[in-house]
Structures are given as C-alpha cells and as structure tokens.
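Shown next, in structure tokens, is the structure this report addresses.
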There are 2 protein chains.
Amino acid sequence: MTSPSLHRRIVADLAGEIASGAWPPGHRLPFEHELMRRYGCARATASRAVHVLVSQGLVERRRRAGSFVSRPHAASAVLHIPDIRAAIEGRGQDYDWRLLSRMDGGGASVVDLERLNPIGPLLSVRGVHLADKEPFGLEERVIDLAAAPQAEAESFAEVPPGAWLLAHVAWSEARHEISAVNPDRRTAATLGVEHSRACLAVRRWTWRGAAGVTFVRQTFPSGLLDLVAEFTPGAR
Amino acid sequence: MTSPSLHRRIVADLAGEIASGAWPPGHRLPFEHELMRRYGCARATASRAVHVLVSQGLVERRRRAGSFVSRPHAASAVLHIPDIRAAIEGRGQDYDWRLLSRMDGGGASVVDLERLNPIGPLLSVRGVHLADKEPFGLEERVIDLAAAPQAEAESFAEVPPGAWLLAHVAWSEARHEISAVNPDRRTAATLGVEHSRACLAVRRWTWRGAAGVTFVRQTFPSGLLDLVAEFTPGAR
DNA sequence: CCGGCGAATATGTCTAGACATAATCGACAT
DNA sequence: ATGTCGATTATGTCTAGACATATTCGCCGG
C-alpha cells in the first residue's frame, strides 16, 4: 500500500462512505474543521478533498449549512462516442469508406440545419462506412466552410469526414441525439436492408462557441453498433 | 459585469483560448509563475485554476514539463438519462404505469444476468409505461433482493420500479447499452406495434461496488423517446 | 404565533511561504 | 555518437493564517 497524498486519502474515504450507501443522498459530510481534526491537516487540505467530490458531482456544498451527498446521481452518464473505424476493426473486420456524393449546399433538414446555426457556405458529404466491404453505417454530413475552410480542398474520397474534421477543426460544444428509426427508401437501399429493419440513428451537432462547425446524421442497421454509457464516480 | 473570483476568471480566460482554437491540443499553457505575474496572484490560485481545467478534462499536466491542452475531447459526452415520467409529462401527456407481472427469479437473458453479478435472490418485474393510456415503453427489470430487501414488500402495482429504486437504493456504478431493435412478438403485442417498427432499446445495469443492484431492459417504439448527450467543457 | 434582526458559523477565496518529486536538459565521460 | 548523472525547474502537496459572504438559528418584540 503506497500512500499517495493526504487529500486523496480523504477523498477516497469520503467517496467510500457514499458509494457503500452508509451516507445516503442528503447526508451531511463532516465539517472541514472535523476533517482537520480527524486527519490532522490544514483546512485547505480538507477543503480541497471535498472540492474534488464536488467536481465529481458526488457532493454539494452550501455556505453555513455544510456539505451534502447530492441526490440526482441518476440523471447522467458518460457516453462513449464510438470511433466507427475502431468499432469495426474491434469486430475483427476491415474498415473502408465509400464516398457517395460531395456537393455544395446543405443536404439536411431545415430544422437540423437551423439548430447548427451556420455562418458560412455549406458543404455536404454523403458516404458509407464499410465493414468487410459490407455497409455498416450511412453518414450524411454538412460542414460549415467558415469554420473549416480547408475542407473545400479535401475530396473526402479516401478519408471519412469525421476523422478528417477531428484532426483539423477545433470545437467546443457538441450535442448528440440518439433514436431508433425505420430507414427511408434511399437509406435502406444504400445500406442494403429492408425498410422494416430497425436502425440506430445518431444526429450530432458540433459548435465552436455559437458558430456551427458540422452536423452529421449517422444510420446503423440494428445489431451492428451499440452505444455505451457509464457512470462511475471515481472515473475521469 | 460582476467579478466572481480570480481563479474563476483565470479558468474562463484559459478555457476561452482553448475553445476558440487559439490553443490547439498539445499547446502548452502558461506556467504557474507566468499566471502569477499576469494576474498578480499567489501560486495556489493559479494552480487551482489549472486544476479546474484538469478536472474538466481540458488540460493535462506533467511535472517539470508544464500543462498542455489535452487531445481526446471527442471521445465522450454526458448522456442525460431520461426520467420516463418526466419525458411523457414534458410532451403534455398523462403518465401511467401498468404492472404486467411480478415474480421471483430472473426474467432476463443469462448473459445479461451474469454481467449483473447478483449475490442474492432475484425479483423480476415487467410492466408498461403509458402516455395518455397508450403504451410508451416496455420495462423488464430484475432486482437483486440482497441489495434491495425492501423490494420484497413492494408490489410495484402503483409505483414503477425505476422510480422506487431511485428513492430507496443507493448505487455507485451503472452501465447503459443503447441499441435499435425490431421487437419480438410478445414485446410488439404489448406495445401495440408491428414487428417491423423500429424500437429504441436501453439495457442498464446498476451496481453498488461489485454487487449487482438491478438490471433493466427498456424498449420504446421509434419516435417516442430521443436520448440526448452533450459535451460542454464549462458544464458540470 | 409570527416576523425581523443580529450573532454565529461553515464555506469561499486568497496569500506567502515550505518541502517533495518527477521530468527534463545539458554537461561530461565513455 | 551515446550513455550517465546531476542540476534545474515546474508541478504536487501542504501549512497557517486572513478576510469575505451567505445562511442559519435563536432571540426578542409585536
């Protein structure tokens, strides 16, 4: 047993009480002065430990009142955004990208584009992710050329736009909406599935500040891709 | 303009440089001593500001080398776990819960149950969430009675087990898997939809430490429920 | 019984130090 | 060229204070 640092030990002790259920939501933590006494440390150290728990969402603090185990735990989890290439190769299959079309203008619904709030001319890219040459997922993407001017010179014939954007464009905010859909006629034909086949649809908007960077709609036939979200307090 | 606190201002300034793209991934932040000079503060204050960015995942620090804008940004987002009742009432509809069955033992696939790692006897609950008396989603749940002994005395005829568990049982870890499925015959009949109708399926395992608390499989016909995940650096 | 006011108190923020530690860099020797 | 070693340096951790500020609680008067 190494001894990392005192404030980490305090964090671990307090988190343990919470995780075990001994301190239920709403329970008041020991005051900083009590922690000082218990661990023989300065107030800054006790305070820092409790702040770590606050930043993890485990604890809420109120002046004069104290620190409390927070309730809403259940409301969120960390969603792992899959890298499609990695997901396919993780299944032991070969990854390929096939560009279907690349054109100026916005090839998405008006509602979706409005939410993006683009400021410049748009570029639309449509293509298929392939696993062992079989369709794995359809990608329909709109890129704001004001946010990613270099995209104009990129054909996206070899490199899927998702990977390209990740490497070339900074962004600060993203929103994902996940739903199940029956594919429309064109999507079903492209993916080689029936209209009746359930598909997982991910729509993602990406912004830098208030300005839209890109919107993408990805459609995966059922069974090919699972999205995973986890909640683990100590993580990060 | 109010002036909140100095370290918050430093955090905001640094985060702004990162969000704007001015400091790309890999860029080195100013040293703490440089921040002390620039803001006229003590080192602890500068250090605290950078630590906040670390806890947000925006920055990584290496001794002697300095602090750097971190790369992997894209890999995760915060998934909002919907409260089904709130989702339905948010649509302006009335919420209802109809219990279909409540029995001892595990009514789920062996694989799903193994992952749960239950330690006590199991209770299975099956029921439907209703919006304006129409089926909204099917819930099939397994509860480990060792983790939630009070569940034995609860009929779940009035209260859906999700809400009940949230209020009565503490947990520390959860895993969600989201997929699109075509409902099997029984599920389709219960939900009043065709087998061809795409459905969103959420499977959720909940643990306290290593011991399983509950496993649930929820199935929603397409169009009724969207899952939303967001990435916002300053959030929390 | 209720409402307002003041005192007590826990956290919020910050300073000015101190010593510890790991990583880097450069000088030096091989 | 290459490898070793020690000095340097930036962060890691912590102390012992200080003043600020929001809440709560109890007292007291109406």
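By order in the structure tokens, chains are A, B, ...; within a chain, residues start at 1; ligands start at 1, following the order shown.
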
Proximal residues of chain A relative to chain D (only C-alpha atoms (C1' of nucleotides); 7 Å) as a PyMOL selection string:
chain A and resi 42+63-65

Selection from above, N, CA and C atoms, as a PDB file, in the first residue's frame, can you write it?
```
ATOM      1  N   ALA A  42      -4.452  20.815   7.490  1.00  0.00           N
ATOM      2  CA  ALA A  42      -4.908  22.198   7.416  1.00  0.00           C
ATOM      3  C   ALA A  42      -6.280  22.250   6.742  1.00  0.00           C
ATOM      4  N   ARG A  63     -22.970  27.231   1.901  1.00  0.00           N
ATOM      5  CA  ARG A  63     -22.329  28.010   2.960  1.00  0.00           C
ATOM      6  C   ARG A  63     -23.144  27.969   4.240  1.00  0.00           C
ATOM      7  N   ARG A  64     -22.450  27.919   5.274  1.00  0.00           N
ATOM      8  CA  ARG A  64     -23.042  27.903   6.620  1.00  0.00           C
ATOM      9  C   ARG A  64     -23.740  26.565   6.901  1.00  0.00           C
ATOM     10  N   ALA A  65     -24.285  25.944   5.878  1.00  0.00           N
ATOM     11  CA  ALA A  65     -25.051  24.720   6.126  1.00  0.00           C
ATOM     12  C   ALA A  65     -24.137  23.501   6.164  1.00  0.00           C
TER      13      ALA A  65
END
```

Any idea which chain A residues end up within 9 Å of chain B if we count only C-alpha atoms, as a ChimeraX atom specification please?
/A:18-21,24-25,52,55-57,73-83,166,169-182,195-201,208-209,220-233,236

Interface, chain B side, toward chain C (12 Å; only C-alpha atoms (C1' of nucleotides)) as a PDB file with C-alpha atoms, in the first residue's frame:
```pdb
ATOM      1  CA  PRO B   4     -16.871  36.356  -9.375  1.00  0.00           C
ATOM      2  CA  SER B   5     -13.477  35.279  -8.185  1.00  0.00           C
ATOM      3  CA  LEU B   6      -9.998  35.490  -9.522  1.00  0.00           C
ATOM      4  CA  HIS B   7      -9.431  31.817 -10.102  1.00  0.00           C
ATOM      5  CA  ARG B   8     -12.707  31.590 -11.999  1.00  0.00           C
ATOM      6  CA  MET B  36       1.039  34.653 -11.030  1.00  0.00           C
ATOM      7  CA  GLY B  40      -0.880  39.253  -9.659  1.00  0.00           C
ATOM      8  CA  CYS B  41      -1.949  36.254  -7.600  1.00  0.00           C
ATOM      9  CA  ALA B  42      -0.355  33.600  -5.422  1.00  0.00           C
ATOM     10  CA  ARG B  43       0.750  30.337  -6.966  1.00  0.00           C
ATOM     11  CA  ALA B  44      -2.009  28.432  -5.192  1.00  0.00           C
ATOM     12  CA  THR B  45      -4.579  30.485  -7.062  1.00  0.00           C
ATOM     13  CA  ALA B  46      -3.011  29.899 -10.467  1.00  0.00           C
ATOM     14  CA  ARG B  48      -6.175  25.916  -8.586  1.00  0.00           C
ATOM     15  CA  ARG B  61      -0.246  18.369 -16.532  1.00  0.00           C
ATOM     16  CA  ARG B  62       3.194  16.857 -16.425  1.00  0.00           C
ATOM     17  CA  ARG B  63       5.747  17.708 -13.805  1.00  0.00           C
ATOM     18  CA  ARG B  64       8.644  19.730 -14.948  1.00  0.00           C
ATOM     19  CA  ALA B  65       7.168  19.825 -18.479  1.00  0.00           C
ATOM     20  CA  GLY B  66       4.146  22.025 -17.887  1.00  0.00           C
TER      21      GLY B  66
END
```

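Picture a line from atom CA of B:Ala131 to atom CA of B:Trp164; it runs 19.1 Å.
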
Which of stretch 28-234 of chain A fall in strand (DSSP E or B), as an MDAnalysis selection string
chainID A and resid 28 59:62 66:69 76:80 95:104 122:131 134:144 173:181 199:208 211:221 227:231

Please give the complete set of residues from stretch 48-112 of chain A that DSSP, run on the backbone, assigns to helix (DSSP H, G or I), formatted as a list in words.
Arg48, Ala49, Val50, His51, Val52, Leu53, Val54, Ser55, His73, Ala74, Ala75, Ile84, Arg85, Ala86, Ala87, Ile88, Glu89, Gly90, Val110, Val111 and Asp112 of chain A

Would you kindly return, as a PyMOL selection string, each protein, DNA or RNA residue with an atom no farther than 7 Å from any atom of B:Asp104, considering only C-alpha atoms (C1' of nucleotides) and excluding same-chain residues fewer than 4 positions away?
chain B and resi 122-124

Selection file, C-alpha atoms, as an mmCIF file, in the first residue's frame:
```cif
data_model
loop_
_atom_site.group_PDB
_atom_site.id
_atom_site.type_symbol
_atom_site.label_atom_id
_atom_site.label_comp_id
_atom_site.auth_asym_id
_atom_site.auth_seq_id
_atom_site.Cartn_x
_atom_site.Cartn_y
_atom_site.Cartn_z
ATOM 1 C CA LEU B 122 -33.909 -12.140 -7.690
ATOM 2 C CA LEU B 123 -37.211 -10.442 -8.298
ATOM 3 C CA SER B 124 -38.486 -9.805 -11.821
#
```

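Taking atom CA of B:Ser155 and atom CA of B:Val142 as the two end points, the separation is 13.9 Å.
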
Excluding same-chain residues fewer than 5 positions from stretch 26-35 of chain B, what lies within 6 Å of it counting only C-alpha atoms (C1' of nucleotides), as a PyMOL selection string?
chain B and resi 46+67-69

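Among A:Leu116, A:His129, A:Gly106, A:Glu17, the residue with the shortest atom-to-atom distance to A:Gln93, counting only C-alpha atoms, is A:His129.
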